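Raw work-v4.cif, mmCIF, C-alpha atoms:
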data_input
loop_
_atom_site.label_atom_id
_atom_site.label_comp_id
_atom_site.auth_asym_id
_atom_site.auth_seq_id
_atom_site.Cartn_x
_atom_site.Cartn_y
_atom_site.Cartn_z
CA MET A 21 0.00 0.00 0.00
CA GLU A 22 1.43 3.37 -1.11
CA THR A 23 1.61 6.18 1.43
CA THR A 24 1.39 9.81 0.25
CA THR A 25 2.99 12.64 2.23
CA SER A 26 1.71 16.25 1.71
CA SER A 27 3.86 19.35 2.24
CA PRO A 28 2.78 21.76 4.99
CA ASN A 29 2.21 24.55 2.43
CA ALA A 30 -0.21 22.47 0.48
CA VAL A 31 -2.61 22.08 3.39
CA ALA A 32 -2.52 25.72 4.71
CA SER A 33 -6.03 26.80 5.75
CA PRO A 34 -7.65 29.61 3.71
CA HIS A 35 -9.55 30.85 6.83
CA PRO A 36 -7.19 33.75 7.80
CA GLN A 37 -7.56 35.28 4.34
CA ARG A 38 -11.33 34.92 4.51
CA ARG A 39 -11.38 36.59 7.92
CA ARG A 40 -9.32 39.49 6.59
CA ASN A 41 -11.70 39.89 3.67
CA ARG A 42 -14.69 39.89 6.03
CA TRP A 43 -13.09 42.57 8.23
CA LEU A 44 -12.32 44.73 5.23
CA LEU A 45 -15.89 44.33 4.02
CA TRP A 46 -17.31 45.33 7.40
CA ILE A 47 -14.96 48.30 7.73
CA GLY A 48 -16.00 49.44 4.26
CA ARG A 49 -19.66 49.13 5.17
CA ILE A 50 -19.15 51.09 8.40
CA LEU A 51 -17.27 53.88 6.62
CA LEU A 52 -19.91 54.01 3.89
CA GLY A 53 -22.64 54.18 6.55
CA LEU A 54 -20.84 57.00 8.37
CA LEU A 55 -20.45 58.91 5.12
CA ALA A 56 -24.15 58.44 4.34
CA LEU A 57 -25.03 59.64 7.86
CA ILE A 58 -22.86 62.73 7.48
CA VAL A 59 -24.44 63.54 4.12
CA LEU A 60 -27.92 63.02 5.60
CA LEU A 61 -27.19 65.24 8.61
CA ALA A 62 -25.67 67.95 6.40
CA ALA A 63 -28.67 67.89 4.06
CA SER A 64 -31.07 67.96 7.00
CA GLY A 65 -29.18 70.86 8.59
CA ALA A 66 -29.15 72.86 5.37
CA ALA A 67 -32.87 72.21 4.89
CA TYR A 68 -33.56 73.21 8.50
CA GLU A 69 -31.65 76.47 8.04
CA ALA A 70 -33.47 77.25 4.78
CA ILE A 71 -36.90 76.56 6.29
CA MET A 72 -36.24 78.61 9.42
CA ALA A 73 -34.71 81.49 7.45
CA THR A 74 -37.80 81.64 5.25
CA GLY A 75 -39.99 82.13 8.31
CA ASP A 76 -37.75 84.70 10.02
CA ALA A 77 -39.29 87.62 8.12
CA ARG A 78 -42.77 86.61 9.29
CA ARG A 79 -41.81 85.84 12.89
CA TYR A 80 -39.54 88.86 13.35
CA PRO A 81 -40.72 91.78 11.19
CA PRO A 82 -38.63 94.99 11.29
CA PRO A 83 -39.88 97.46 13.91
CA GLY A 84 -38.74 100.47 11.85
CA GLN A 85 -38.49 101.51 8.22
CA LEU A 86 -36.21 100.39 5.40
CA VAL A 87 -34.52 103.31 3.64
CA ASP A 88 -32.76 103.09 0.26
CA VAL A 89 -29.19 104.38 0.51
CA GLY A 90 -28.13 103.68 -3.07
CA GLY A 91 -28.68 100.10 -4.19
CA HIS A 92 -29.55 98.62 -0.81
CA ARG A 93 -31.86 99.46 2.09
CA LEU A 94 -30.93 100.06 5.71
CA HIS A 95 -33.23 99.57 8.68
CA LEU A 96 -33.88 102.60 10.91
CA HIS A 97 -36.06 102.53 14.03
CA CYS A 98 -36.87 105.85 15.72
CA VAL A 99 -38.96 106.57 18.82
CA GLY A 100 -39.66 109.64 20.94
CA GLN A 101 -39.75 113.33 20.15
CA GLY A 102 -37.39 116.23 20.65
CA SER A 103 -34.04 117.59 19.58
CA PRO A 104 -31.22 116.83 19.22
CA THR A 105 -31.90 113.40 17.78
CA VAL A 106 -29.82 110.61 19.30
CA VAL A 107 -28.41 108.02 16.87
CA LEU A 108 -27.42 104.63 18.32
CA ASP A 109 -24.74 102.60 16.53
CA ALA A 110 -24.11 99.05 17.80
CA GLY A 111 -20.77 97.25 18.03
CA LEU A 112 -19.16 94.70 15.77
CA GLY A 113 -21.71 92.23 14.40
CA GLU A 114 -24.57 93.71 16.45
CA PHE A 115 -27.61 95.64 15.31
CA SER A 116 -30.41 97.89 16.58
CA LEU A 117 -31.90 95.41 19.08
CA ALA A 118 -28.65 95.56 21.05
CA TRP A 119 -29.93 98.91 22.36
CA GLY A 120 -33.17 97.35 23.61
CA ALA A 121 -32.48 98.29 27.24
CA VAL A 122 -31.32 101.83 26.33
CA GLN A 123 -33.47 103.21 23.52
CA PRO A 124 -36.88 103.31 25.27
CA GLN A 125 -35.48 105.04 28.36
CA ALA A 126 -33.35 107.51 26.41
CA ALA A 127 -36.41 108.39 24.28
CA THR A 128 -38.26 109.80 27.30
CA SER A 129 -36.52 113.15 26.75
CA THR A 130 -35.73 113.30 23.01
CA ARG A 131 -35.96 111.43 19.73
CA VAL A 132 -33.76 108.32 19.57
CA CYS A 133 -32.94 106.31 16.44
CA ALA A 134 -31.19 102.95 16.22
CA TYR A 135 -30.12 101.49 12.89
CA ASP A 136 -28.68 98.32 11.38
CA ARG A 137 -25.55 98.44 9.28
CA ALA A 138 -25.73 96.74 5.88
CA GLY A 139 -26.23 92.99 6.10
CA LEU A 140 -27.02 93.04 9.83
CA GLY A 141 -30.39 92.89 11.55
CA TRP A 142 -33.02 93.84 8.98
CA SER A 143 -30.74 95.80 6.64
CA GLU A 144 -29.90 94.50 3.19
CA PRO A 145 -26.29 93.64 2.27
CA GLY A 146 -24.27 96.50 0.82
CA PRO A 147 -20.90 96.96 -0.87
CA SER A 148 -18.24 94.41 -0.05
CA GLN A 149 -16.14 97.02 1.74
CA ARG A 150 -17.22 97.04 5.40
CA SER A 151 -14.87 99.69 6.77
CA PRO A 152 -15.72 102.40 9.33
CA GLN A 153 -15.52 105.00 6.54
CA GLN A 154 -18.09 103.07 4.51
CA PHE A 155 -20.33 102.91 7.57
CA ALA A 156 -20.03 106.66 8.12
CA ALA A 157 -20.98 107.39 4.51
CA GLU A 158 -23.97 105.05 4.63
CA LEU A 159 -25.16 106.42 7.97
CA HIS A 160 -25.05 109.98 6.65
CA MET A 161 -27.10 109.02 3.60
CA LEU A 162 -29.54 107.04 5.74
CA LEU A 163 -30.26 109.99 8.04
CA ARG A 164 -30.58 112.41 5.13
CA LYS A 165 -32.93 110.19 3.10
CA SER A 166 -35.05 109.20 6.10
CA GLY A 167 -35.83 112.83 6.88
CA GLU A 168 -34.40 112.67 10.39
CA ARG A 169 -33.04 116.11 11.11
CA GLY A 170 -29.79 116.97 12.81
CA PRO A 171 -27.80 117.93 14.60
CA TYR A 172 -27.34 114.48 16.13
CA VAL A 173 -25.91 113.09 19.32
CA LEU A 174 -23.98 110.02 18.20
CA VAL A 175 -23.88 107.09 20.63
CA ALA A 176 -21.48 104.37 19.52
CA HIS A 177 -20.33 101.10 21.03
CA SER A 178 -16.97 99.38 20.42
CA ILE A 179 -15.85 99.45 16.76
CA SER A 180 -18.62 101.95 15.91
CA GLY A 181 -16.74 104.59 17.86
CA LYS A 182 -14.58 104.87 14.75
CA THR A 183 -17.67 105.46 12.60
CA ALA A 184 -18.96 108.18 14.95
CA ARG A 185 -15.64 110.01 14.97
CA LEU A 186 -15.35 109.93 11.17
CA PHE A 187 -18.96 111.13 10.82
CA ALA A 188 -18.31 114.02 13.21
CA SER A 189 -15.08 114.97 11.45
CA GLN A 190 -16.65 114.96 7.98
CA HIS A 191 -20.00 116.52 8.97
CA PRO A 192 -19.18 118.72 11.98
CA ASN A 193 -22.28 120.91 11.65
CA GLU A 194 -24.51 117.85 11.92
CA VAL A 195 -23.14 116.60 15.24
CA ALA A 196 -24.19 118.14 18.57
CA GLY A 197 -22.43 115.72 20.91
CA MET A 198 -21.25 112.18 21.40
CA VAL A 199 -21.27 109.23 23.82
CA LEU A 200 -18.57 106.63 23.19
CA VAL A 201 -19.39 103.33 24.89
CA ASP A 202 -16.16 101.36 25.44
CA ALA A 203 -15.17 102.41 21.94
CA ARG A 204 -12.18 100.98 20.09
CA HIS A 205 -9.49 103.46 19.07
CA GLU A 206 -6.84 103.07 16.39
CA ALA A 207 -4.17 103.43 19.07
CA VAL A 208 -5.19 99.99 20.33
CA ASP A 209 -4.69 98.53 16.83
CA GLU A 210 -1.35 100.26 16.38
CA GLY A 211 -0.13 99.45 19.87
CA LEU A 212 -0.23 95.74 19.11
CA GLY A 213 2.93 94.43 17.49
CA PRO A 214 2.98 92.72 14.07
CA GLU A 215 3.10 89.28 15.67
CA GLN A 216 0.08 90.03 17.87
CA LEU A 217 -1.87 91.37 14.91
CA ARG A 218 -1.01 88.30 12.82
CA ALA A 219 -2.08 86.03 15.66
CA GLU A 220 -5.34 87.97 16.00
CA ASP A 221 -5.96 87.69 12.25
CA ASP A 222 -5.15 83.97 12.23
CA GLN A 223 -7.60 83.35 15.07
CA GLN A 224 -10.24 85.34 13.24
CA ARG A 225 -9.75 83.34 10.02
CA GLN A 226 -10.00 80.06 11.89
CA PHE A 227 -13.15 81.23 13.64
CA GLN A 228 -14.52 82.52 10.35
CA ASN A 229 -14.11 79.18 8.59
CA MET A 230 -15.69 77.30 11.48
CA ILE A 231 -18.64 79.63 12.00
CA LYS A 232 -19.46 79.84 8.27
CA TRP A 233 -19.64 76.05 8.06
CA MET A 234 -21.79 75.79 11.19
CA ALA A 235 -24.18 78.51 10.04
CA ARG A 236 -24.68 76.95 6.62
CA PHE A 237 -25.97 73.75 8.18
CA GLY A 238 -28.12 75.37 10.85
CA LEU A 239 -25.80 74.55 13.76
CA VAL A 240 -25.35 78.17 14.85
CA ARG A 241 -29.11 78.70 14.90
CA LEU A 242 -29.68 75.41 16.70
CA LEU A 243 -26.97 75.88 19.34
CA TRP A 244 -26.32 79.62 19.62
CA ALA A 245 -29.81 81.11 19.53
CA PRO A 246 -31.10 79.31 22.65
CA ALA A 247 -27.79 79.74 24.51
CA TRP A 248 -27.21 83.44 23.75
CA PRO A 249 -29.09 84.88 26.76
CA SER A 250 -27.27 82.66 29.23
CA VAL A 251 -23.77 83.46 27.95
CA MET A 252 -24.20 87.21 27.39
CA PRO A 253 -23.74 89.23 30.61
CA GLY A 254 -26.52 91.73 31.11
CA SER A 255 -28.95 90.09 28.71
CA GLU A 256 -31.47 89.85 31.57
CA ASN A 257 -31.95 93.62 31.15
CA LEU A 258 -33.55 92.96 27.76
CA SER A 259 -37.11 91.78 27.31
CA PRO A 260 -37.61 88.05 26.59
CA GLU A 261 -38.86 88.92 23.11
CA THR A 262 -35.76 90.98 22.36
CA ARG A 263 -33.43 88.27 23.67
CA THR A 264 -35.09 85.68 21.45
CA ALA A 265 -35.00 87.90 18.36
CA ILE A 266 -31.31 88.74 18.83
CA GLY A 267 -30.39 85.09 19.25
CA VAL A 268 -32.25 84.06 16.10
CA LEU A 269 -31.25 86.95 13.83
CA GLN A 270 -27.59 86.77 14.84
CA ALA A 271 -27.54 83.08 13.91
CA ARG A 272 -28.37 83.63 10.23
CA PRO A 273 -25.53 82.90 7.75
CA ARG A 274 -25.88 86.35 6.17
CA GLN A 275 -25.56 88.06 9.54
CA ILE A 276 -22.46 86.02 10.39
CA GLN A 277 -20.88 86.67 6.99
CA ASN A 278 -21.29 90.44 7.37
CA ALA A 279 -20.13 90.46 10.98
CA LEU A 280 -16.95 88.65 9.94
CA ALA A 281 -16.45 91.11 7.06
CA GLU A 282 -16.66 93.98 9.54
CA GLY A 283 -14.02 92.35 11.71
CA ALA A 284 -11.71 91.83 8.74
CA ALA A 285 -11.92 95.54 7.78
CA ARG A 286 -11.82 96.91 11.32
CA MET A 287 -8.50 98.75 10.75
CA ASP A 288 -9.07 99.90 7.14
CA SER A 289 -9.92 103.50 8.10
CA ASN A 290 -7.21 104.06 10.70
CA SER A 291 -5.28 106.50 8.49
CA LEU A 292 -8.41 108.67 8.15
CA LEU A 293 -9.01 108.51 11.89
CA ARG A 294 -5.50 109.72 12.68
CA SER A 295 -6.26 112.95 10.81
CA ALA A 296 -9.91 113.28 11.96
CA ALA A 297 -10.86 116.65 13.41
CA PRO A 298 -11.57 116.86 17.17
CA LEU A 299 -14.95 117.87 18.56
CA GLY A 300 -14.03 121.31 19.89
CA ALA A 301 -16.28 122.08 22.84
CA LYS A 302 -19.12 119.74 21.91
CA PRO A 303 -20.24 117.61 24.87
CA LEU A 304 -18.60 114.19 24.96
CA ILE A 305 -18.86 111.36 27.49
CA VAL A 306 -16.50 108.40 27.20
CA LEU A 307 -17.85 105.33 28.98
CA ALA A 308 -15.07 102.81 29.49
CA SER A 309 -15.45 99.25 30.73
CA ALA A 310 -13.42 98.46 33.84
CA GLN A 311 -12.96 94.93 32.55
CA SER A 312 -11.63 96.11 29.20
CA ILE A 313 -9.18 98.44 30.93
CA ASP A 314 -7.93 95.60 33.11
CA HIS A 315 -7.53 93.03 30.34
CA LEU A 316 -6.88 94.75 27.01
CA PRO A 317 -3.52 96.34 26.12
CA PHE A 318 -3.57 100.11 25.55
CA TRP A 319 -7.33 100.30 26.24
CA GLU A 320 -7.10 102.74 29.15
CA GLU A 321 -4.73 105.03 27.26
CA ALA A 322 -7.06 104.98 24.24
CA GLN A 323 -10.07 105.97 26.38
CA GLN A 324 -8.11 108.92 27.75
CA VAL A 325 -7.09 109.97 24.23
CA MET A 326 -10.72 109.96 23.12
CA THR A 327 -11.75 111.97 26.17
CA GLY A 328 -9.32 114.62 24.96
CA LEU A 329 -11.21 115.02 21.67
CA SER A 330 -13.41 117.66 23.32
CA SER A 331 -12.74 120.40 25.84
CA ASN A 332 -16.19 119.62 27.28
CA SER A 333 -15.82 115.94 28.13
CA ARG A 334 -15.92 113.35 30.89
CA LEU A 335 -14.44 109.89 31.27
CA ILE A 336 -16.56 107.41 33.26
CA VAL A 337 -15.34 103.91 34.10
CA ALA A 338 -18.29 101.53 34.19
CA PRO A 339 -18.21 98.49 36.53
CA SER A 340 -18.96 96.06 33.72
CA GLY A 341 -17.60 94.10 30.82
CA HIS A 342 -17.31 95.34 27.25
CA ALA A 343 -21.09 95.33 26.67
CA VAL A 344 -21.78 98.31 28.94
CA HIS A 345 -25.13 98.92 27.23
CA PHE A 346 -26.28 95.45 28.33
CA GLU A 347 -24.81 95.35 31.82
CA GLN A 348 -25.21 99.01 32.80
CA PRO A 349 -27.99 100.42 30.58
CA ALA A 350 -29.01 103.03 33.18
CA LEU A 351 -25.49 104.48 33.08
CA VAL A 352 -25.62 104.73 29.29
CA VAL A 353 -29.06 106.39 29.44
CA GLN A 354 -27.83 108.85 32.05
CA SER A 355 -24.84 109.74 29.87
CA ILE A 356 -27.11 110.30 26.86
CA HIS A 357 -29.40 112.58 28.88
CA GLN A 358 -26.45 114.62 30.10
CA VAL A 359 -24.99 115.09 26.62
CA VAL A 360 -28.41 115.98 25.19
CA ALA A 361 -29.00 118.55 27.95
CA ALA A 362 -25.56 120.10 27.42
CA ALA A 363 -26.11 120.25 23.65
CA ARG A 364 -29.46 122.00 24.14
CA THR A 365 -28.23 124.62 26.55
CA GLY A 366 -24.68 125.09 25.36
CA GLN A 367 -23.52 124.63 28.93
CA PRO A 368 -20.66 122.44 30.17
CA LEU A 369 -21.39 118.87 31.15
CA ARG A 370 -22.43 118.42 34.74
CA PRO A 371 -19.69 116.97 36.95
#

Would you kindly transcribe this structure into structure tokens?
Amino acid sequence: METTTSSPNAVASPHPQRRRNRWLLWIGRILLGLLALIVLLAASGAAYEAIMATGDARRYPPPGQLVDVGGHRLHLHCVGQGSPTVVLDAGLGEFSLAWGAVQPQAATSTRVCAYDRAGLGWSEPGPSQRSPQQFAAELHMLLRKSGERGPYVLVAHSISGKTARLFASQHPNEVAGMVLVDARHEAVDEGLGPEQLRAEDDQQRQFQNMIKWMARFGLVRLLWAPAWPSVMPGSENLSPETRTAIGVLQARPRQIQNALAEGAARMDSNSLLRSAAPLGAKPLIVLASAQSIDHLPFWEEAQQVMTGLSSNSRLIVAPSGHAVHFEQPALVVQSIHQVVAAARTGQPLRP
């Protein structure tokens, strides 16, 4: 009887190869499922954003009027009677509702108007340039075309302090006084070194890319709008309706896009500001945030420089963060009343 001997290689089991193939198949299926889930979530988020955006106009109609300023319309909301008219200009990325705790109280003694810069709030998008000089030009046209008569007391928060100063320099006869609410000055920009400015710009670009993506798929609306009141100090001073409207309107992709454009052009008008005319003896109150002074380089020096723009001025340090108009609205209203009274009588500001 013949005996046959097989080599070890000839009887090797095919099972390890089959197991590897099964694992690769399952991994492929899992990755394909994850991709399909991501696509589904992205499509659902985009649809959610589109549906909600369509209903925003119905749920949150503009409280004021839309005025054509040359190819696009800006929203202007005015209440109260009297002269001089107060014009409220919100900070970077904010709009008229940011003054919700200030405007009604300030309007008890004079006319008070709040407006939305192009692409923010209820205003339509404007030219791509979003510099303080562009804002000043659009604000001047808005007031002229709306029929609101000057002279005006300009009240500006943060980056809008640059707009107010340019407006006053270019239209001195139309400005009766000013309240600068923790306003940014070009000295702060120039005091930062090139490395700090590059780091600030890099952070802004990273934030910009992230926030654009989130807004497109409804994530900003879904996450930010409900959380806004709890993370914004002083928001309890606003009515519930105003808090809700701010959270929703600030979450729209268009609003975010324009807010980021404002941030990118925040220093574009610094050369004009360096040569801007001072205010003479027009009443000026500079409201500075104690927190900003403590934490931001050159902020205190900049507030003192702006106080020196008028021979009839006061510097007040508010016990609050940057959003003084949210946290200390009564102090802002008091400052407005004092500047209005001084502008009416021609007398110095009260100590």

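One finds atom CA of Phe187 of chain A at 7.6 Å from atom CA of Ala157 of chain A.
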
Inset, instruction - Would you be able to write out as a PyMOL selection string which residues have an atom within 6 Å of (-12.3, 107.8, 20.1) in the file's coordinates, counting only C-alpha atoms? - result: chain A and resi 181+205+326

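The shell of residues at most 8 Å from Val306 of chain A, with only C-alpha atoms counted and near chain neighbours (fewer than 3 positions) removed, consists of Val199, Leu200, Val201, Asp202, Gln323, Met326, Thr327, Ser333, Arg334, Leu335 and Ile336 of chain A.
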
Inset, instruction - Would you kindly translate the PyMOL selection byres ((chain A and resi 316) around 12) into the concrete residues it picks from this file, as an NGL selection string? - result: :A and (202 or 204 or 208-209 or 211-212 or 308-315 or 317-323 or 341-342)

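If you look at atom CA of Pro145 of chain A and atom CA of Gly111 of chain A, they are 17.1 Å away from each other.
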
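Among A:Leu304, A:Ser340, A:Gly254, A:Leu351, the residue with the shortest atom-to-atom distance to Gly328 of chain A, counting all atoms listed in the file, is A:Leu304.
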
Inset, instruction - Run the PyMOL selection byres ((chain A and resi 124) around 12) on the file and write out the hits as a ChimeraX atom specification. - result: /A:97-101,106,108,117,119-123,125-134,258-259,349-350,353

Produce the centre coordinates and the three edge lengths, each in Å to one decimal, of the box along x, y and z that contains all listed atoms of segment 302-307 of chain A with 3 Å added on each side, as JSON.
{"center_x": -18.4, "center_y": 112.5, "center_z": 25.4, "size_x": 9.7, "size_y": 20.4, "size_z": 13.1}
